[in-house]
>>> print(open('model_21.tsv').read())   # TSV, C-alpha atoms
chain	number	residue	atom	x	y	z
A	1	MET	CA	-119.41	-173.06	31.04
A	2	THR	CA	-122.43	-174.41	29.17
A	3	HIS	CA	-124.07	-172.53	26.36
A	4	ALA	CA	-127.18	-171.88	28.50
A	5	THR	CA	-125.04	-170.53	31.33
A	6	ALA	CA	-123.18	-168.24	28.94
A	7	VAL	CA	-126.45	-166.91	27.54
A	8	ASN	CA	-127.82	-166.29	31.04
A	9	THR	CA	-124.61	-164.51	32.04
A	10	THR	CA	-124.84	-162.27	28.97
A	11	GLU	CA	-128.48	-161.46	29.71
A	12	ARG	CA	-127.66	-160.62	33.33
A	13	ARG	CA	-124.89	-158.30	32.19
A	14	ARG	CA	-127.26	-156.55	29.79
A	15	PHE	CA	-129.81	-156.17	32.55
A	16	ARG	CA	-127.23	-154.77	34.99
A	17	ARG	CA	-126.00	-152.32	32.37
A	18	ALA	CA	-129.52	-151.14	31.60
A	19	ALA	CA	-130.33	-150.73	35.30
A	20	TRP	CA	-127.06	-148.90	35.95
A	21	GLN	CA	-127.70	-146.75	32.95
A	22	GLN	CA	-131.11	-145.63	34.15
A	23	ARG	CA	-129.86	-145.13	37.68
A	24	ARG	CA	-127.01	-142.84	36.63
A	25	THR	CA	-128.79	-140.59	34.11
A	26	ASP	CA	-128.65	-137.11	35.59
A	27	TYR	CA	-132.31	-136.67	36.46
A	28	ALA	CA	-131.46	-133.71	38.71
A	29	LEU	CA	-130.42	-131.81	35.57
A	30	LEU	CA	-133.64	-132.84	33.84
A	31	VAL	CA	-135.76	-131.66	36.78
A	32	VAL	CA	-134.13	-128.22	36.92
A	33	VAL	CA	-134.60	-127.75	33.16
A	34	LEU	CA	-138.28	-128.72	33.40
A	35	MET	CA	-138.68	-126.23	36.25
A	36	LEU	CA	-137.13	-123.46	34.14
A	37	LEU	CA	-139.37	-124.44	31.24
A	38	GLY	CA	-142.43	-124.30	33.49
A	39	VAL	CA	-141.44	-120.84	34.73
A	40	GLY	CA	-140.98	-119.79	31.11
A	41	LEU	CA	-144.43	-120.92	30.00
A	42	LEU	CA	-146.00	-119.18	32.98
A	43	MET	CA	-144.19	-115.91	32.33
A	44	VAL	CA	-144.83	-115.99	28.58
A	45	TYR	CA	-148.56	-116.27	29.23
A	46	SER	CA	-148.54	-113.60	31.94
A	47	ALA	CA	-146.57	-111.19	29.75
A	48	THR	CA	-148.57	-111.76	26.56
A	49	TYR	CA	-152.19	-112.49	27.37
A	50	SER	CA	-153.23	-108.88	26.70
A	51	LEU	CA	-150.83	-108.62	23.76
A	52	GLY	CA	-152.25	-111.78	22.22
A	53	TYR	CA	-155.80	-110.50	22.53
A	54	TYR	CA	-154.80	-107.07	21.20
A	55	ASN	CA	-152.97	-108.48	18.14
A	56	PHE	CA	-154.83	-111.71	17.38
A	57	GLY	CA	-158.02	-111.73	19.43
A	58	ASP	CA	-156.67	-114.69	21.40
A	59	SER	CA	-155.16	-114.16	24.84
A	60	THR	CA	-153.44	-117.57	24.68
A	61	PHE	CA	-151.93	-117.08	21.21
A	62	TYR	CA	-148.32	-116.71	22.37
A	63	LEU	CA	-148.67	-119.36	25.07
A	64	LYS	CA	-149.94	-121.92	22.55
A	65	ARG	CA	-147.09	-121.17	20.17
A	66	GLN	CA	-144.52	-121.45	22.95
A	67	ALA	CA	-146.10	-124.67	24.23
A	68	LEU	CA	-145.92	-126.14	20.73
A	69	TRP	CA	-142.25	-125.27	20.44
A	70	ALA	CA	-141.68	-126.68	23.92
A	71	LEU	CA	-143.23	-129.97	22.78
A	72	VAL	CA	-140.96	-130.04	19.73
A	73	GLY	CA	-137.97	-129.24	21.93
A	74	LEU	CA	-138.81	-131.92	24.49
A	75	THR	CA	-139.13	-134.46	21.68
A	76	ALA	CA	-135.71	-133.45	20.32
A	77	MET	CA	-134.30	-133.57	23.85
A	78	THR	CA	-135.61	-137.09	24.40
A	79	LEU	CA	-134.16	-138.32	21.11
A	80	ALA	CA	-130.77	-136.75	21.84
A	81	TRP	CA	-130.87	-138.21	25.36
A	82	ARG	CA	-131.61	-141.77	24.21
A	83	ILE	CA	-129.05	-141.80	21.37
A	84	ASP	CA	-125.39	-142.37	22.28
A	85	TYR	CA	-123.82	-138.91	21.98
A	86	ARG	CA	-120.76	-140.40	20.23
A	87	VAL	CA	-122.91	-141.08	17.18
A	88	TRP	CA	-122.96	-137.37	16.41
A	89	GLN	CA	-119.18	-137.31	15.86
A	90	ARG	CA	-119.80	-138.79	12.42
A	91	TYR	CA	-121.98	-135.87	11.37
A	92	THR	CA	-120.20	-132.83	12.77
A	93	ILE	CA	-118.73	-131.85	9.38
A	94	PRO	CA	-122.07	-132.12	7.49
A	95	PHE	CA	-123.78	-130.25	10.35
A	96	MET	CA	-121.19	-127.49	10.21
A	97	ALA	CA	-121.38	-127.25	6.42
A	98	GLY	CA	-125.19	-127.13	6.55
A	99	THR	CA	-125.14	-124.40	9.18
A	100	LEU	CA	-122.72	-122.26	7.18
A	101	LEU	CA	-124.90	-122.74	4.11
A	102	MET	CA	-128.00	-121.64	6.04
A	103	LEU	CA	-126.20	-118.54	7.30
A	104	VAL	CA	-125.18	-117.62	3.75
A	105	VAL	CA	-128.67	-118.29	2.36
A	106	LEU	CA	-130.10	-116.17	5.14
A	107	LEU	CA	-128.06	-113.16	4.08
A	108	ILE	CA	-129.20	-113.62	0.47
A	109	LEU	CA	-132.85	-114.63	0.83
A	110	GLY	CA	-133.77	-113.70	4.39
A	111	ARG	CA	-136.33	-111.00	5.09
A	112	SER	CA	-135.39	-108.09	7.32
A	113	ARG	CA	-137.39	-107.66	10.53
A	114	PHE	CA	-136.73	-104.97	13.15
A	115	GLY	CA	-133.63	-103.86	11.26
A	116	ALA	CA	-131.99	-107.30	11.14
A	117	THR	CA	-132.00	-110.35	8.85
A	118	ARG	CA	-132.04	-113.30	11.24
A	119	TRP	CA	-134.99	-115.50	10.27
A	120	LEU	CA	-135.91	-117.99	7.55
A	121	LEU	CA	-139.29	-119.53	6.65
A	122	ASN	CA	-141.32	-116.44	7.50
A	123	GLY	CA	-139.69	-115.93	10.89
A	124	SER	CA	-139.95	-119.57	12.06
A	125	VAL	CA	-136.27	-120.56	11.99
A	126	GLN	CA	-133.28	-118.60	13.25
A	127	PRO	CA	-130.07	-120.19	11.89
A	128	SER	CA	-127.84	-118.40	14.40
A	129	GLU	CA	-129.53	-120.37	17.20
A	130	LEU	CA	-128.70	-123.62	15.42
A	131	ALA	CA	-125.12	-122.36	14.96
A	132	LYS	CA	-124.63	-122.26	18.74
A	133	LEU	CA	-125.10	-126.01	19.07
A	134	THR	CA	-123.42	-126.90	15.79
A	135	VAL	CA	-120.24	-125.02	16.68
A	136	ILE	CA	-120.12	-126.74	20.08
A	137	LEU	CA	-120.49	-130.18	18.47
A	138	TYR	CA	-117.84	-129.42	15.86
A	139	ILE	CA	-115.31	-127.90	18.25
A	140	ALA	CA	-115.79	-130.79	20.70
A	141	HIS	CA	-115.04	-133.33	17.96
A	142	TRP	CA	-112.25	-131.36	16.35
A	143	ALA	CA	-110.43	-130.42	19.57
A	144	SER	CA	-110.75	-133.86	21.19
A	145	SER	CA	-109.20	-135.45	18.08
A	146	LYS	CA	-106.06	-133.26	18.19
A	147	GLY	CA	-104.71	-134.23	21.62
A	148	GLU	CA	-101.44	-132.50	22.46
A	149	ARG	CA	-101.11	-131.27	18.87
A	150	ILE	CA	-103.67	-128.59	19.62
A	151	ARG	CA	-100.81	-126.57	21.16
A	152	ASP	CA	-99.27	-126.26	17.69
A	153	VAL	CA	-100.34	-122.95	16.15
A	154	ARG	CA	-100.80	-124.51	12.70
A	155	VAL	CA	-102.88	-127.40	14.05
A	156	GLY	CA	-104.74	-125.59	16.81
A	157	LEU	CA	-105.07	-121.81	16.86
A	158	ILE	CA	-105.15	-121.02	13.14
A	159	PRO	CA	-107.84	-123.57	12.11
A	160	PHE	CA	-109.85	-122.67	15.21
A	161	ALA	CA	-109.66	-118.94	14.55
A	162	VAL	CA	-110.61	-119.36	10.87
A	163	LEU	CA	-113.67	-121.49	11.60
A	164	VAL	CA	-114.99	-119.41	14.50
A	165	GLY	CA	-114.18	-116.20	12.62
A	166	ILE	CA	-116.24	-117.29	9.60
A	167	VAL	CA	-119.25	-118.30	11.71
A	168	CYS	CA	-119.15	-115.16	13.85
A	169	GLY	CA	-118.55	-112.98	10.79
A	170	LEU	CA	-121.63	-114.34	9.00
A	171	ILE	CA	-123.72	-113.74	12.13
A	172	LEU	CA	-122.35	-110.22	12.55
A	173	LEU	CA	-123.52	-109.43	9.02
A	174	GLN	CA	-127.17	-110.09	10.01
A	175	PRO	CA	-126.34	-108.09	12.27
A	176	ASP	CA	-126.39	-110.03	15.55
A	177	PHE	CA	-123.55	-108.89	17.78
A	178	SER	CA	-124.65	-110.68	20.95
A	179	THR	CA	-124.95	-114.14	19.36
A	180	SER	CA	-121.59	-113.85	17.62
A	181	LEU	CA	-120.01	-112.80	20.92
A	182	LEU	CA	-121.65	-115.71	22.74
A	183	ILE	CA	-120.51	-118.27	20.17
A	184	GLY	CA	-116.97	-116.88	20.14
A	185	ALA	CA	-116.73	-116.87	23.95
A	186	THR	CA	-118.09	-120.41	24.28
A	187	ALA	CA	-115.80	-121.75	21.57
A	188	GLY	CA	-112.81	-119.97	23.14
A	189	ILE	CA	-113.45	-121.53	26.54
A	190	MET	CA	-113.76	-124.97	24.92
A	191	PHE	CA	-110.50	-124.38	23.04
A	192	PHE	CA	-108.70	-123.49	26.27
A	193	ILE	CA	-110.12	-126.47	28.18
A	194	ALA	CA	-109.09	-128.78	25.33
A	195	GLY	CA	-105.47	-127.96	26.13
A	196	ALA	CA	-104.61	-124.90	24.02
A	197	ASP	CA	-101.39	-123.10	24.87
A	198	LEU	CA	-102.09	-120.25	27.29
A	199	LYS	CA	-100.10	-117.71	25.27
A	200	GLN	CA	-102.00	-118.65	22.12
A	201	PHE	CA	-105.29	-118.42	23.97
A	202	LEU	CA	-104.51	-115.00	25.42
A	203	SER	CA	-103.17	-113.57	22.16
A	204	GLY	CA	-106.14	-114.92	20.21
A	205	GLY	CA	-108.52	-113.56	22.84
A	206	ALA	CA	-106.89	-110.13	22.69
A	207	ILE	CA	-107.26	-109.98	18.90
A	208	ALA	CA	-110.89	-111.11	19.13
A	209	ALA	CA	-111.64	-108.54	21.85
A	210	ALA	CA	-110.09	-105.74	19.81
A	211	THR	CA	-112.06	-106.78	16.74
A	212	LEU	CA	-115.34	-106.92	18.65
A	213	TYR	CA	-114.63	-103.52	20.22
A	214	MET	CA	-114.16	-101.99	16.79
A	215	VAL	CA	-117.36	-103.60	15.54
A	216	ALA	CA	-119.28	-102.43	18.62
A	217	THR	CA	-118.14	-98.82	18.40
A	218	ARG	CA	-118.20	-98.30	14.63
A	219	ALA	CA	-121.94	-98.98	14.18
A	220	GLY	CA	-124.02	-95.92	15.03
A	221	TYR	CA	-126.82	-97.76	16.83
A	222	ARG	CA	-124.34	-99.69	18.98
A	223	SER	CA	-122.60	-96.47	20.00
A	224	ALA	CA	-126.02	-95.08	20.92
A	225	ARG	CA	-126.67	-98.13	23.09
A	226	ILE	CA	-123.38	-97.53	24.89
A	227	GLN	CA	-124.45	-93.95	25.59
A	228	ALA	CA	-127.80	-95.21	26.89
A	229	PHE	CA	-125.96	-97.72	29.06
A	230	LYS	CA	-124.01	-94.96	30.76
A	231	ASP	CA	-127.14	-92.98	31.68
A	232	PRO	CA	-130.36	-94.66	30.47
A	233	PHE	CA	-132.75	-92.12	31.98
A	234	ALA	CA	-130.97	-89.23	30.27
A	235	TYR	CA	-131.99	-90.82	26.96
A	236	ALA	CA	-135.34	-92.20	28.14
A	237	ASP	CA	-137.19	-90.55	25.24
A	238	SER	CA	-134.91	-92.04	22.57
A	239	VAL	CA	-132.23	-94.74	22.59
A	240	GLY	CA	-132.57	-95.30	26.34
A	241	TYR	CA	-136.31	-95.93	26.27
A	242	GLN	CA	-136.19	-99.73	26.37
A	243	ILE	CA	-133.56	-100.08	29.09
A	244	SER	CA	-135.13	-97.33	31.22
A	245	GLN	CA	-138.53	-99.03	31.01
A	246	THR	CA	-136.86	-102.35	31.79
A	247	LEU	CA	-135.22	-100.97	34.92
A	248	ILE	CA	-138.49	-99.37	36.07
A	249	ALA	CA	-140.32	-102.67	35.61
A	250	LEU	CA	-137.65	-104.67	37.43
A	251	ALA	CA	-137.41	-102.25	40.36
A	252	SER	CA	-141.17	-101.92	40.81
A	253	GLY	CA	-141.53	-105.57	41.77
A	254	GLY	CA	-139.84	-105.19	45.13
A	255	ILE	CA	-139.24	-108.30	47.22
A	256	PHE	CA	-142.34	-110.33	46.39
A	257	GLY	CA	-143.66	-108.68	43.22
A	258	GLN	CA	-146.92	-107.06	42.21
A	259	GLY	CA	-148.63	-110.28	41.14
A	260	LEU	CA	-149.01	-112.25	37.92
A	261	GLY	CA	-150.50	-110.31	35.03
A	262	THR	CA	-149.54	-106.85	36.33
A	263	SER	CA	-146.41	-106.36	34.25
A	264	ARG	CA	-145.47	-103.48	31.98
A	265	GLY	CA	-145.17	-105.92	29.08
A	266	ASP	CA	-148.84	-105.59	28.15
A	267	VAL	CA	-149.54	-104.19	24.67
A	268	GLY	CA	-146.08	-102.84	23.97
A	269	THR	CA	-145.43	-100.74	27.09
A	270	LEU	CA	-142.16	-102.60	27.51
A	271	PRO	CA	-140.69	-103.51	24.09
A	272	ALA	CA	-139.69	-107.18	23.76
A	273	GLY	CA	-141.15	-107.82	27.21
A	274	HIS	CA	-141.86	-111.49	26.45
A	275	THR	CA	-138.54	-112.12	24.67
A	276	ASP	CA	-135.26	-110.39	25.51
A	277	VAL	CA	-136.31	-108.73	28.79
A	278	ILE	CA	-138.69	-111.30	30.22
A	279	PHE	CA	-136.54	-111.41	33.36
A	280	ALA	CA	-137.73	-107.86	34.09
A	281	ILE	CA	-141.33	-109.04	33.75
A	282	LEU	CA	-140.59	-111.87	36.17
A	283	GLY	CA	-139.03	-109.41	38.62
A	284	GLN	CA	-141.99	-107.04	38.44
A	285	GLU	CA	-144.67	-109.69	38.81
A	286	LEU	CA	-142.99	-112.13	41.22
A	287	GLY	CA	-140.29	-109.99	42.83
A	288	LEU	CA	-136.68	-110.35	43.89
A	289	VAL	CA	-137.31	-113.72	45.54
A	290	ALA	CA	-138.48	-115.29	42.29
A	291	GLY	CA	-135.60	-113.71	40.39
A	292	LEU	CA	-133.07	-115.18	42.80
A	293	PHE	CA	-134.83	-118.54	42.58
A	294	VAL	CA	-134.44	-118.56	38.78
A	295	LEU	CA	-130.78	-117.57	39.08
A	296	GLY	CA	-130.34	-120.40	41.58
A	297	LEU	CA	-131.82	-122.84	39.06
A	298	PHE	CA	-129.30	-121.73	36.45
A	299	LEU	CA	-126.43	-122.08	38.94
A	300	PHE	CA	-127.60	-125.59	39.78
A	301	PHE	CA	-127.80	-126.34	36.05
A	302	GLY	CA	-124.19	-125.22	35.76
A	303	TYR	CA	-123.12	-127.42	38.66
A	304	ARG	CA	-124.74	-130.53	37.17
A	305	GLY	CA	-123.50	-129.73	33.65
A	306	TYR	CA	-119.87	-129.27	34.67
A	307	ARG	CA	-120.11	-132.36	36.87
A	308	ILE	CA	-121.17	-134.34	33.81
A	309	ALA	CA	-118.24	-132.86	31.88
A	310	ALA	CA	-115.77	-133.77	34.64
A	311	THR	CA	-116.90	-137.41	34.74
A	312	ALA	CA	-117.45	-137.95	30.99
A	313	PRO	CA	-115.91	-141.15	29.57
A	314	ASP	CA	-113.97	-139.46	26.75
A	315	GLY	CA	-112.63	-136.13	25.55
A	316	PHE	CA	-115.47	-135.55	23.09
A	317	GLY	CA	-118.09	-136.05	25.80
A	318	ALA	CA	-116.22	-133.82	28.24
A	319	LEU	CA	-115.86	-130.95	25.75
A	320	LEU	CA	-119.43	-131.37	24.52
A	321	ALA	CA	-120.86	-131.20	28.05
A	322	CYS	CA	-118.59	-128.29	28.95
A	323	GLY	CA	-119.54	-126.38	25.80
A	324	ILE	CA	-123.30	-126.82	26.24
A	325	THR	CA	-123.17	-125.87	29.93
A	326	THR	CA	-121.00	-122.81	29.22
A	327	TRP	CA	-123.31	-121.68	26.42
A	328	ILE	CA	-126.46	-121.83	28.57
A	329	LEU	CA	-124.80	-120.14	31.56
A	330	LEU	CA	-123.18	-117.38	29.50
A	331	GLN	CA	-126.41	-116.65	27.67
A	332	ALA	CA	-128.37	-116.48	30.93
A	333	ALA	CA	-125.70	-114.27	32.50
A	334	VAL	CA	-125.67	-111.84	29.55
A	335	ASN	CA	-129.47	-111.65	29.50
A	336	VAL	CA	-129.66	-110.83	33.22
A	337	ALA	CA	-126.76	-108.39	32.88
A	338	VAL	CA	-128.63	-106.57	30.10
A	339	VAL	CA	-131.85	-106.39	32.10
A	340	THR	CA	-130.00	-104.97	35.13
A	341	ASN	CA	-128.00	-102.55	32.92
A	342	THR	CA	-124.73	-104.17	33.92
A	343	VAL	CA	-123.74	-104.32	30.23
A	344	PRO	CA	-125.00	-102.30	27.23
A	345	PHE	CA	-128.36	-103.40	25.89
A	346	THR	CA	-128.32	-106.24	23.39
A	347	GLY	CA	-131.01	-108.67	22.33
A	348	ILE	CA	-130.43	-112.17	23.65
A	349	PRO	CA	-133.08	-114.55	25.04
A	350	LEU	CA	-133.10	-116.03	28.53
A	351	PRO	CA	-132.70	-119.81	28.00
A	352	PHE	CA	-135.87	-121.91	28.52
A	353	ILE	CA	-137.86	-118.84	29.61
A	354	SER	CA	-137.97	-116.23	26.81
A	355	PHE	CA	-140.53	-116.54	24.04
A	356	GLY	CA	-138.99	-117.96	20.86
A	357	GLY	CA	-139.10	-121.31	19.08
A	358	SER	CA	-135.60	-121.73	17.62
A	359	ALA	CA	-133.86	-120.76	20.85
A	360	LEU	CA	-136.02	-123.08	22.95
A	361	VAL	CA	-135.72	-126.12	20.68
A	362	THR	CA	-131.95	-125.71	20.34
A	363	ALA	CA	-131.44	-125.32	24.10
A	364	LEU	CA	-133.55	-128.39	24.89
A	365	THR	CA	-131.65	-130.41	22.27
A	366	GLY	CA	-128.43	-129.37	24.01
A	367	VAL	CA	-129.86	-130.62	27.31
A	368	GLY	CA	-130.61	-133.95	25.65
A	369	LEU	CA	-126.95	-134.25	24.63
A	370	LEU	CA	-125.90	-133.47	28.21
A	371	LEU	CA	-128.17	-136.23	29.50
A	372	SER	CA	-126.74	-138.61	26.92
A	373	VAL	CA	-123.20	-137.93	28.15
A	374	SER	CA	-124.23	-138.66	31.75
A	375	ARG	CA	-126.03	-141.81	30.60
A	376	CYS	CA	-123.11	-143.19	28.60
A	377	GLU	CA	-120.68	-142.46	31.40
A	378	ALA	CA	-122.38	-145.09	33.56
A	379	VAL	CA	-122.35	-147.69	30.80
A	380	HIS	CA	-118.61	-147.29	30.33
A	381	GLU	CA	-117.94	-147.68	34.04
A	382	GLU	CA	-119.95	-150.92	34.13
A	383	GLU	CA	-118.18	-152.22	31.00
A	384	ALA	CA	-114.79	-151.41	32.54
A	385	ARG	CA	-115.56	-153.49	35.64
A	386	GLU	CA	-116.51	-156.45	33.48
>>> encode(input="model_21.tsv", output="structure tokens")
Amino acid sequence: MTHATAVNTTERRRFRRAAWQQRRTDYALLVVVLMLLGVGLLMVYSATYSLGYYNFGDSTFYLKRQALWALVGLTAMTLAWRIDYRVWQRYTIPFMAGTLLMLVVLLILGRSRFGATRWLLNGSVQPSELAKLTVILYIAHWASSKGERIRDVRVGLIPFAVLVGIVCGLILLQPDFSTSLLIGATAGIMFFIAGADLKQFLSGGAIAAATLYMVATRAGYRSARIQAFKDPFAYADSVGYQISQTLIALASGGIFGQGLGTSRGDVGTLPAGHTDVIFAILGQELGLVAGLFVLGLFLFFGYRGYRIAATAPDGFGALLACGITTWILLQAAVNVAVVTNTVPFTGIPLPFISFGGSALVTALTGVGLLLSVSRCEAVHEEEARE
């Protein structure tokens, strides 16, 4: 083979790999995320245009802020998508250390808002949101590197429990029960999928469940929320006010809704209407049909995400894709369960839809990592054939 022929062959291979790479990126996942993001921007504006005018003299105030965060998130998503996801294995320890440091600094220097200390930089950054993605990255790297040794209690369960316990403990001190529960559940599922011994998994899960139950019932306001969960309208003038108003808003939408801009989220009628309970606003304004459509989008997201995990080229990619998909689905499920009073009320945003910068940027960055896994999968298959 001449030198020119060899060069041409190499160039053709590069071209085929690039074409294969673009063809196999999971654009269906990207489309469904953009649809959810579009629904979110629409609902944020509809739920806050009166609130924005009332508080700031600008009916588009909240929409502009959310759109700005969406732009930041889409930029982060694109970068994560175009960079080989395996690069991030080198930085999981610094990322984890930085996240733990931020959580500690938050408890020392953070300002309390609404009875909790969850934000830095005057409410712009929420470290617990970053912790969701950081823990997934770290667990994916750590668990995929252990192989069969993860079944050893000293190699698997104990280090896992210590790390997740520290992260969840720091978040509980804010206090933020729902986020700590979400991180613990997501990490536990990743640990099990990585090959953990079933007995270890069940025993560890039982201890975690008992601990969380004690935490949930010892705090007075959490006990009050449990009482409101049992009969929200009996406590509609006190601890059950928010969930009772949420249920009224959700039920009043009927099949097709009352129309955009008619929600009970205007000027504080429904507390946190544009954040934690925006699904109720969506149900009131656009009805049951729109609610089921959004749930269908999340289910399709789950299908594509787990499909990416099942066909990932390595253990790190598989666990990373599984962790991100599980996180988004669990968070969406908890949010909808709260709004429908299926579980006691707790503040957790609906991914891609609720108002909030840190949550949106972190979720979109996670989507970028998912797209990167699907993209690299195709490159490996092409390389294997050559």
>>> closest_atom_pairs(input="model_21.tsv", of="range 195-252 of chain A", to="range 328-345 of chain A", cutoff="7 Å", atoms="only C-alpha atoms", output="Markdown table")
| residue | atom | partner | partner_atom | distance |
| --- | --- | --- | --- | --- |
| A:Arg225 | CA | A:Pro344 | CA | 6.1 |
| A:Ile226 | CA | A:Pro344 | CA | 5.6 |
| A:Phe229 | CA | A:Pro344 | CA | 5.0 |
| A:Ile243 | CA | A:Phe345 | CA | 6.9 |
| A:Thr246 | CA | A:Val339 | CA | 6.4 |
| A:Leu247 | CA | A:Thr340 | CA | 6.6 |
>>> residues_around(input="model_21.tsv", residues="Leu71 in chain A", least_positions_apart="6", cutoff="12 Å", atoms="all atoms listed in the file", output="JSON, numbers by chain")
{"A": [34, 37, 41, 64, 65, 77, 78, 357, 360, 361, 364, 365]}
>>> closest_residue(input="model_21.tsv", among="A:Ala28, A:Met43, A:Leu79, A:Met190", to="Gly259 in chain A", atoms="only C-alpha atoms")
A:Met43
>>> closest_residue(input="model_21.tsv", among="A:Val87, A:Val72, A:Ile281, A:Leu202", to="Leu42 in chain A", atoms="all atoms listed in the file")
A:Ile281
>>> closest_residue(input="model_21.tsv", among="A:Gln284, A:Thr117, A:Gln227, A:Thr325", to="Gly254 in chain A", atoms="all atoms listed in the file")
A:Gln284
